[in-house]
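K.L.:
Pasting protein.txt here (compact mmCIF, C-alpha atoms and all ligand atoms):
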```
# COMPACT_ATOMS: atom_id res chain seq x y z
CA MET Z 20 147.28 93.51 85.23
CA THR Z 21 147.51 90.25 87.16
CA ALA Z 22 145.00 87.45 86.73
CA GLY Z 23 143.72 88.08 90.28
CA ARG Z 24 143.20 91.80 89.63
CA LYS Z 25 141.47 91.07 86.30
CA GLN Z 26 139.10 88.66 88.05
CA SER Z 27 138.31 91.20 90.76
CA ASN Z 28 137.57 93.93 88.17
CA TYR Z 29 135.37 91.49 86.31
CA ASN Z 30 133.49 90.73 89.53
CA GLU Z 31 133.02 94.46 90.19
CA ILE Z 32 131.62 95.01 86.69
CA CYS Z 33 129.23 92.07 87.10
CA LYS Z 34 128.13 93.41 90.47
CA LEU Z 35 127.55 96.87 88.98
CA GLY Z 36 125.56 95.36 86.11
CA TYR Z 37 123.45 93.45 88.58
CA GLU Z 38 122.84 96.55 90.70
CA GLN Z 39 121.97 98.58 87.62
CA LYS Z 40 119.48 95.95 86.51
CA ARG Z 41 118.02 95.94 89.97
CA MET Z 42 117.78 99.74 90.01
CA ALA Z 43 116.22 99.68 86.55
CA LYS Z 44 113.35 97.75 88.07
CA GLN Z 45 113.14 100.08 91.02
CA ILE Z 46 113.01 103.36 89.11
CA LYS Z 47 111.08 104.47 86.02
CA SER Z 48 113.08 107.61 85.25
CA LYS Z 49 115.54 109.99 86.85
CA ALA Z 50 113.01 112.80 86.45
CA ARG Z 51 110.43 110.89 88.44
CA VAL Z 52 112.92 110.17 91.20
CA GLU Z 53 113.70 113.89 91.39
CA GLU Z 54 110.11 115.06 91.11
CA ARG Z 55 108.31 112.50 93.26
CA GLY Z 56 110.99 110.52 95.08
CA GLU Z 57 109.83 107.49 93.13
CA VAL Z 58 112.06 104.53 94.00
CA PHE Z 59 110.26 101.23 94.35
CA THR Z 60 111.15 98.89 97.18
CA ALA Z 61 112.87 95.66 96.12
CA GLU Z 62 111.24 92.31 96.75
CA ARG Z 63 113.75 91.24 99.39
CA GLU Z 64 113.14 94.34 101.53
CA VAL Z 65 109.37 94.12 101.03
CA ASN Z 66 109.34 90.54 102.31
CA ALA Z 67 111.67 91.31 105.21
CA MET Z 68 109.29 94.06 106.33
CA LEU Z 69 106.20 91.93 105.88
CA ASP Z 70 107.81 89.18 107.94
CA LEU Z 71 107.58 91.60 110.88
CA VAL Z 72 103.77 91.45 110.62
CA SER Z 73 103.52 87.96 109.16
CA THR Z 74 100.40 86.89 111.09
CA GLU Z 75 98.46 89.93 109.92
CA CYS Z 76 99.42 89.10 106.33
CA LEU Z 77 97.59 85.79 106.62
CA ARG Z 78 94.19 87.10 107.78
CA PRO Z 79 91.97 87.95 104.80
CA ASP Z 80 90.28 90.83 106.65
CA SER Z 81 93.36 92.44 108.17
CA ARG Z 82 93.56 95.91 106.58
CA PHE Z 83 96.65 97.55 105.10
CA LEU Z 84 97.02 101.09 103.74
CA GLU Z 85 100.03 102.20 101.69
CA PRO Z 86 99.82 106.02 101.45
CA ALA Z 87 102.43 106.20 98.65
CA CYS Z 88 101.89 102.77 97.12
CA GLY Z 89 103.79 103.23 93.85
CA ASN Z 90 102.95 100.38 91.50
CA GLY Z 91 102.06 98.15 94.42
CA ASN Z 92 105.12 96.17 95.52
CA PHE Z 93 103.93 95.95 99.14
CA LEU Z 94 100.23 95.47 98.40
CA VAL Z 95 100.92 92.74 95.82
CA ALA Z 96 103.17 90.85 98.25
CA ILE Z 97 100.54 91.10 101.01
CA LEU Z 98 97.81 89.85 98.68
CA MET Z 99 100.00 86.90 97.64
CA ARG Z 100 100.48 85.92 101.26
CA LYS Z 101 96.79 86.19 102.04
CA LEU Z 102 95.78 84.16 98.98
CA GLU Z 103 98.37 81.49 99.71
CA GLU Z 104 96.80 81.04 103.13
CA LEU Z 105 93.30 80.86 101.60
CA ARG Z 106 94.49 78.25 99.08
CA ARG Z 107 95.82 76.19 101.97
CA LYS Z 108 92.50 76.43 103.85
CA TYR Z 109 89.93 76.27 101.08
CA ARG Z 110 91.55 74.32 98.24
CA THR Z 111 88.42 72.23 97.68
CA ALA Z 112 85.82 74.66 99.07
CA HIS Z 113 85.44 76.90 96.04
CA ARG Z 114 82.67 79.16 97.34
CA ASP Z 115 84.54 79.84 100.58
CA TYR Z 116 87.73 80.54 98.67
CA GLU Z 117 85.93 82.94 96.33
CA LYS Z 118 84.22 84.87 99.13
CA GLN Z 119 87.31 85.13 101.32
CA SER Z 120 89.47 86.16 98.38
CA ILE Z 121 87.06 89.06 97.78
CA VAL Z 122 87.41 89.99 101.47
CA ALA Z 123 91.21 89.84 101.04
CA ILE Z 124 91.23 92.18 98.08
CA GLY Z 125 88.89 94.54 99.96
CA SER Z 126 91.39 94.75 102.82
CA LEU Z 127 94.11 96.46 100.76
CA TYR Z 128 94.25 100.24 100.29
CA GLY Z 129 96.68 102.42 98.40
CA VAL Z 130 97.17 106.04 97.38
CA ASP Z 131 99.59 107.34 94.80
CA ILE Z 132 99.87 110.70 93.13
CA MET Z 133 100.91 109.24 89.74
CA LYS Z 134 98.05 107.94 87.60
CA ASP Z 135 100.14 105.28 85.83
CA ASN Z 136 101.27 103.85 89.18
CA VAL Z 137 97.68 103.62 90.36
CA GLU Z 138 96.61 101.82 87.18
CA GLU Z 139 99.59 99.47 87.34
CA CYS Z 140 98.93 98.74 90.99
CA ARG Z 141 95.27 97.90 90.33
CA SER Z 142 96.08 95.66 87.38
CA ARG Z 143 98.88 93.80 89.21
CA LEU Z 144 96.59 93.16 92.17
CA PHE Z 145 93.80 92.00 89.88
CA LYS Z 146 96.10 89.62 88.01
CA VAL Z 147 97.42 88.05 91.22
CA TRP Z 148 93.85 87.67 92.50
CA ASP Z 149 92.51 86.28 89.19
CA ASP Z 150 95.38 83.82 88.58
CA SER Z 151 94.82 82.33 92.00
CA TYR Z 152 91.02 82.34 91.53
CA LYS Z 153 91.34 80.41 88.24
CA ALA Z 154 93.79 77.94 89.74
CA ILE Z 155 91.52 77.12 92.69
CA CYS Z 156 87.96 77.60 91.46
CA LYS Z 157 88.49 76.47 87.84
CA LYS Z 158 85.09 76.03 86.17
CA ASP Z 159 83.32 77.52 89.22
CA CYS Z 160 84.86 80.92 88.45
CA SER Z 161 82.39 83.66 87.58
CA ASP Z 162 82.74 86.98 85.80
CA GLU Z 163 80.47 88.52 88.46
CA ALA Z 164 83.11 87.84 91.12
CA ARG Z 165 85.76 89.28 88.81
CA GLU Z 166 83.70 92.45 88.36
CA SER Z 167 83.38 92.78 92.14
CA ALA Z 168 87.16 92.42 92.54
CA ARG Z 169 87.74 95.07 89.88
CA PHE Z 170 85.20 97.39 91.48
CA ILE Z 171 86.83 97.09 94.89
CA LEU Z 172 90.21 97.89 93.37
CA SER Z 173 88.79 100.93 91.59
CA ARG Z 174 87.72 102.30 94.99
CA ASN Z 175 90.58 101.12 97.20
CA ILE Z 176 93.54 102.15 95.06
CA VAL Z 177 93.17 105.89 94.76
CA CYS Z 178 94.92 108.50 92.65
CA GLY Z 179 95.45 111.18 95.24
CA ASN Z 180 97.77 113.26 97.35
CA ALA Z 181 98.41 111.60 100.70
CA LEU Z 182 99.56 114.92 102.18
CA THR Z 183 96.53 117.05 101.32
CA LEU Z 184 94.16 114.03 101.46
CA ASN Z 185 92.54 115.09 98.18
CA CYS Z 186 92.22 113.31 94.85
CA VAL Z 187 94.43 114.63 92.06
CA ASP Z 188 93.99 115.13 88.31
CA GLU Z 189 96.02 113.38 85.60
CA ASP Z 190 98.93 115.78 86.19
CA GLY Z 191 98.99 115.26 89.93
CA ASN Z 192 97.28 118.59 90.71
CA ASP Z 193 95.10 118.68 93.78
CA LEU Z 194 91.32 118.57 93.43
CA PRO Z 195 90.26 120.21 96.71
CA SER Z 196 86.58 119.55 96.06
CA LEU Z 197 87.27 115.80 95.81
CA PRO Z 198 88.52 114.45 99.14
CA ILE Z 199 89.97 110.93 99.16
CA VAL Z 200 87.26 108.50 100.23
CA PHE Z 201 87.92 104.94 101.40
CA SER Z 202 85.38 102.16 101.57
CA GLU Z 203 85.25 99.76 104.47
CA TRP Z 204 84.23 96.32 103.18
CA SER Z 205 82.90 93.71 105.59
CA MET Z 206 80.93 90.48 105.31
CA ILE Z 207 77.91 90.95 107.53
CA SER Z 208 76.05 87.68 107.01
CA GLY Z 209 76.36 84.76 104.63
CA THR Z 210 77.04 86.31 101.26
CA GLN Z 211 76.10 89.91 102.11
CA MET Z 212 78.88 92.45 101.98
CA GLN Z 213 78.60 95.89 103.55
CA ARG Z 214 80.40 98.92 102.18
CA ARG Z 215 80.73 102.08 104.25
CA ASP Z 216 82.51 105.13 102.87
CA TYR Z 217 84.63 107.50 104.95
CA THR Z 218 86.80 110.41 104.00
CA PHE Z 219 90.52 109.79 104.56
CA ALA Z 220 90.62 113.05 106.54
CA GLU Z 221 87.87 111.84 108.86
CA LEU Z 222 89.63 108.53 109.50
CA LEU Z 223 92.92 110.24 110.27
CA ALA Z 224 91.42 112.93 112.49
CA LYS Z 225 89.75 110.33 114.65
CA ASP Z 226 92.74 108.16 115.29
CA GLU Z 227 95.69 110.56 115.40
CA GLY Z 228 97.50 109.11 112.44
CA GLN Z 229 96.19 105.57 112.70
CA ILE Z 230 93.46 104.47 110.38
CA ALA Z 231 90.76 102.39 111.97
CA PHE Z 232 87.33 101.72 110.58
CA SER Z 233 86.34 101.25 114.18
CA LYS Z 234 82.64 100.62 114.57
CA GLU Z 235 82.25 102.48 117.86
CA GLU Z 236 84.13 105.60 116.84
CA ALA Z 237 83.07 105.75 113.24
CA GLU Z 238 79.40 104.92 113.70
CA GLY Z 239 77.30 107.74 112.29
CA LYS Z 240 80.23 109.38 110.50
CA PHE Z 241 80.30 107.38 107.31
CA ILE Z 242 79.06 109.20 104.24
CA ASP Z 243 77.46 106.24 102.45
CA ARG Z 244 76.45 102.69 103.26
CA TYR Z 245 75.45 99.84 100.94
CA ILE Z 246 74.72 96.17 101.52
CA THR Z 247 74.93 93.78 98.55
CA HIS Z 248 75.85 90.23 97.59
CA TYR Z 249 79.64 90.09 97.40
CA LYS Z 250 79.39 89.15 93.71
CA LYS Z 251 77.21 92.13 92.83
CA LEU Z 252 79.29 95.04 94.06
CA GLN Z 253 78.87 98.08 91.83
CA PRO Z 254 78.88 101.91 92.03
CA ASN Z 255 75.49 102.20 93.72
CA GLY Z 256 75.35 98.93 95.54
C1 LIG Z 301 109.71 105.87 97.21
S1 LIG Z 301 108.34 105.51 96.14
C2 LIG Z 301 107.72 104.11 97.03
C3 LIG Z 301 106.67 103.31 96.30
C4 LIG Z 301 106.20 102.07 97.05
N1 LIG Z 301 105.75 102.42 98.38
C5 LIG Z 301 107.30 101.04 97.15
O1 LIG Z 301 107.82 100.86 98.26
O2 LIG Z 301 107.63 100.43 96.14
C6 LIG Z 301 107.27 106.86 96.56
C7 LIG Z 301 105.94 106.90 95.85
O3 LIG Z 301 105.20 107.99 96.41
C8 LIG Z 301 104.46 108.63 95.41
N2 LIG Z 301 104.16 109.97 95.93
C9 LIG Z 301 105.00 111.05 96.02
N3 LIG Z 301 104.36 112.08 96.62
C10 LIG Z 301 103.11 111.64 96.93
C11 LIG Z 301 101.99 112.24 97.58
N4 LIG Z 301 102.02 113.50 98.04
N5 LIG Z 301 100.87 111.50 97.71
C12 LIG Z 301 100.81 110.22 97.26
N6 LIG Z 301 101.85 109.61 96.65
C13 LIG Z 301 102.98 110.30 96.49
C14 LIG Z 301 105.32 108.56 94.18
O4 LIG Z 301 104.57 108.67 92.99
C15 LIG Z 301 105.98 107.18 94.36
O5 LIG Z 301 105.26 106.19 93.68
```
Reformat the file's structure so that it appears as structure tokens.
Ligand SMILES: C[S@@+](CC[C@H](N)C(=O)[O-])C[C@H]1O[C@@H](n2cnc3c(N)ncnc32)[C@H](O)[C@@H]1O
P.N.:
Amino acid sequence: MTAGRKQSNYNEICKLGYEQKRMAKQIKSKARVEERGEVFTAEREVNAMLDLVSTECLRPDSRFLEPACGNGNFLVAILMRKLEELRRKYRTAHRDYEKQSIVAIGSLYGVDIMKDNVEECRSRLFKVWDDSYKAICKKDCSDEARESARFILSRNIVCGNALTLNCVDEDGNDLPSLPIVFSEWSMISGTQMQRRDYTFAELLAKDEGQIAFSKEEAEGKFIDRYITHYKKLQPNG
């Protein structure tokens, strides 16, 4: 074998190793790929796609739904962009940063049929949110705000079947009596945050495939409504 050929083989092997490492991050197991089509999108592709809607990724209240969110590659990248923009705007205004970062986390929705993906997605989103919160708000951080962020994630990132629109059990089996419900979070005045709950089915039926918590169309159709301080969000409030 010539030196040139040896070098080219070596390069091929390195390239293969790199691709395998990359794939290892994108898949959890062959069985899961076969069973659920689970292949996570790589960072480069995620960012290229988000660049197409870059302005929306900067607004804290611009809503995103990932109906097969996996462990959250898209949602995490969107949250990072939103928080970066908030850090730029509110670096020294801790209360504003805190409030708007809660709005940002409330704007992200995900569904996945695999329980471990849902848990991973929630905890990745929480960590990104909390790391940024600590870096900006330092000693002004509060555990109340952290609990609100966790509560929002527990409602917004749902273990369910995006085809049947129902929640699923630990094995991914449909629970027809438990439809997927999403909460619309909005700041209505000062520190008051409103939560209105809608079934996923209702949101889809209204907008022919597009989700919109549109006030005019949805008014009267929500199944629950609560108004609370943004740092006191909890199951019945
Ligand atoms: C190709 S992966 C994509 C994950 C993520 N969107 C990403 O880009 O990294 C597909 C995901 O869909 C989930 N999935 C498969 N069938 C589903 C269904 N009926 N409802 C909700 N999620 C589903 C799988 O568990 C898997 O995490």
K.L.:
Go ahead and fit an axis-aligned box to every listed atom of ligand LIG 301 (chain Z) plus 5 Å each side, and pass me the centre and edge lengths in Å, one decimal, as lines of an AutoDock Vina configuration file.
P.N.:
```
center_x = 105.3
center_y = 107.0
center_z = 95.7
size_x = 18.9
size_y = 23.1
size_z = 15.4
```
K.L.:
Can you write out as a Markdown table which residues of chain Z fall within 7 Å of ligand LIG 301 (chain Z), alongside each residue's closest atom pair and its distance in Å to one decimal, counting only C-alpha atoms and all ligand atoms and ordering rows by chain and ascending residue number?
P.N.:
```
| residue | atom | partner | partner_atom | distance |
| --- | --- | --- | --- | --- |
| Z:Arg55 | CA | Z:LIG301 | C9 | 4.5 |
| Z:Gly56 | CA | Z:LIG301 | C1 | 5.3 |
| Z:Glu57 | CA | Z:LIG301 | S1 | 3.9 |
| Z:Val58 | CA | Z:LIG301 | C1 | 4.2 |
| Z:Phe59 | CA | Z:LIG301 | O2 | 3.3 |
| Z:Thr60 | CA | Z:LIG301 | O2 | 4.0 |
| Z:Glu85 | CA | Z:LIG301 | N1 | 6.6 |
| Z:Pro86 | CA | Z:LIG301 | C12 | 6.0 |
| Z:Ala87 | CA | Z:LIG301 | O3 | 4.0 |
| Z:Cys88 | CA | Z:LIG301 | N1 | 4.1 |
| Z:Gly89 | CA | Z:LIG301 | O5 | 3.3 |
| Z:Asn90 | CA | Z:LIG301 | O2 | 6.6 |
| Z:Gly91 | CA | Z:LIG301 | O2 | 6.3 |
| Z:Asn92 | CA | Z:LIG301 | O2 | 5.0 |
| Z:Phe93 | CA | Z:LIG301 | O1 | 6.3 |
| Z:Val130 | CA | Z:LIG301 | C12 | 5.5 |
| Z:Asp131 | CA | Z:LIG301 | N6 | 3.7 |
| Z:Ile132 | CA | Z:LIG301 | N6 | 4.2 |
| Z:Met133 | CA | Z:LIG301 | O4 | 4.9 |
| Z:Asn136 | CA | Z:LIG301 | O5 | 6.5 |
| Z:Gly179 | CA | Z:LIG301 | C12 | 5.8 |
| Z:Asn180 | CA | Z:LIG301 | N5 | 3.6 |
| Z:Ala181 | CA | Z:LIG301 | N5 | 3.9 |
| Z:Leu182 | CA | Z:LIG301 | N4 | 5.0 |
```
K.L.:
Using only C-alpha atoms, can you list as a PyMOL selection string the residues within 7 Å of (93.9, 102.2, 93.0)?
P.N.:
chain Z and resi 129-130+137-138+140-141+172-178
K.L.:
By how many Å are atom CA of Thr183 of chain Z and atom CA of Tyr217 of chain Z apart?
P.N.:
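Straight-line distance from atom CA of Thr183 of chain Z to atom CA of Tyr217 of chain Z works out to 15.7 Å.
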K.L.:
Hey, which of Z:Ala50, Z:Leu84, Z:Leu222, Z:Met206 ends up closest to Ser120 of chain Z? Count all atoms listed in the file.
P.N.:
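Among the listed residues, Z:Met206 lies closest to Ser120 of chain Z.
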K.L.:
Which one of Z:Lys250, Z:His113, Z:Arg169, Z:Arg82 sits closest to Phe201 of chain Z if you count all atoms listed in the file?
P.N.:
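Looking at the shortest contact to Phe201 of chain Z, the residue is Z:Arg82.
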K.L.:
If we count all atoms listed in the file and set the cut-off at 8 Å, which residues sit around Ser126 of chain Z, ignoring sequence neighbours fewer than 5 positions away in its own chain? Please answer as an NGL selection string.
P.N.:
:Z and (79-83 or 204)
K.L.:
Is it possible to add N, CA and C atoms to segment 87-98 of chain Z and hand it back as a PDB file, keeping the file's coordinate frame?
P.N.:
```pdb
ATOM      1  N   ALA Z  87     101.681 105.848  99.870  1.00  0.00           N
ATOM      2  CA  ALA Z  87     102.430 106.200  98.650  1.00  0.00           C
ATOM      3  C   ALA Z  87     102.792 104.863  98.005  1.00  0.00           C
ATOM      4  N   CYS Z  88     101.780 104.210  97.438  1.00  0.00           N
ATOM      5  CA  CYS Z  88     101.890 102.770  97.120  1.00  0.00           C
ATOM      6  C   CYS Z  88     102.692 102.479  95.864  1.00  0.00           C
ATOM      7  N   GLY Z  89     103.062 103.498  95.090  1.00  0.00           N
ATOM      8  CA  GLY Z  89     103.790 103.230  93.850  1.00  0.00           C
ATOM      9  C   GLY Z  89     102.989 102.297  92.961  1.00  0.00           C
ATOM     10  N   ASN Z  90     103.689 101.329  92.346  1.00  0.00           N
ATOM     11  CA  ASN Z  90     102.950 100.380  91.500  1.00  0.00           C
ATOM     12  C   ASN Z  90     102.568  99.123  92.266  1.00  0.00           C
ATOM     13  N   GLY Z  91     102.695  99.181  93.598  1.00  0.00           N
ATOM     14  CA  GLY Z  91     102.060  98.150  94.420  1.00  0.00           C
ATOM     15  C   GLY Z  91     102.949  97.049  94.970  1.00  0.00           C
ATOM     16  N   ASN Z  92     104.258  97.260  95.054  1.00  0.00           N
ATOM     17  CA  ASN Z  92     105.120  96.170  95.520  1.00  0.00           C
ATOM     18  C   ASN Z  92     104.698  95.588  96.875  1.00  0.00           C
ATOM     19  N   PHE Z  93     104.342  96.462  97.821  1.00  0.00           N
ATOM     20  CA  PHE Z  93     103.930  95.950  99.140  1.00  0.00           C
ATOM     21  C   PHE Z  93     102.546  95.295  99.061  1.00  0.00           C
ATOM     22  N   LEU Z  94     101.612  95.984  98.422  1.00  0.00           N
ATOM     23  CA  LEU Z  94     100.230  95.470  98.400  1.00  0.00           C
ATOM     24  C   LEU Z  94     100.160  94.129  97.668  1.00  0.00           C
ATOM     25  N   VAL Z  95     100.915  94.006  96.579  1.00  0.00           N
ATOM     26  CA  VAL Z  95     100.920  92.740  95.820  1.00  0.00           C
ATOM     27  C   VAL Z  95     101.470  91.615  96.702  1.00  0.00           C
ATOM     28  N   ALA Z  96     102.561  91.895  97.404  1.00  0.00           N
ATOM     29  CA  ALA Z  96     103.170  90.850  98.250  1.00  0.00           C
ATOM     30  C   ALA Z  96     102.218  90.447  99.380  1.00  0.00           C
ATOM     31  N   ILE Z  97     101.498  91.428  99.930  1.00  0.00           N
ATOM     32  CA  ILE Z  97     100.540  91.100 101.010  1.00  0.00           C
ATOM     33  C   ILE Z  97      99.413  90.227 100.448  1.00  0.00           C
ATOM     34  N   LEU Z  98      98.904  90.630  99.284  1.00  0.00           N
ATOM     35  CA  LEU Z  98      97.810  89.850  98.680  1.00  0.00           C
ATOM     36  C   LEU Z  98      98.277  88.411  98.411  1.00  0.00           C
TER      37      LEU Z  98
END
```
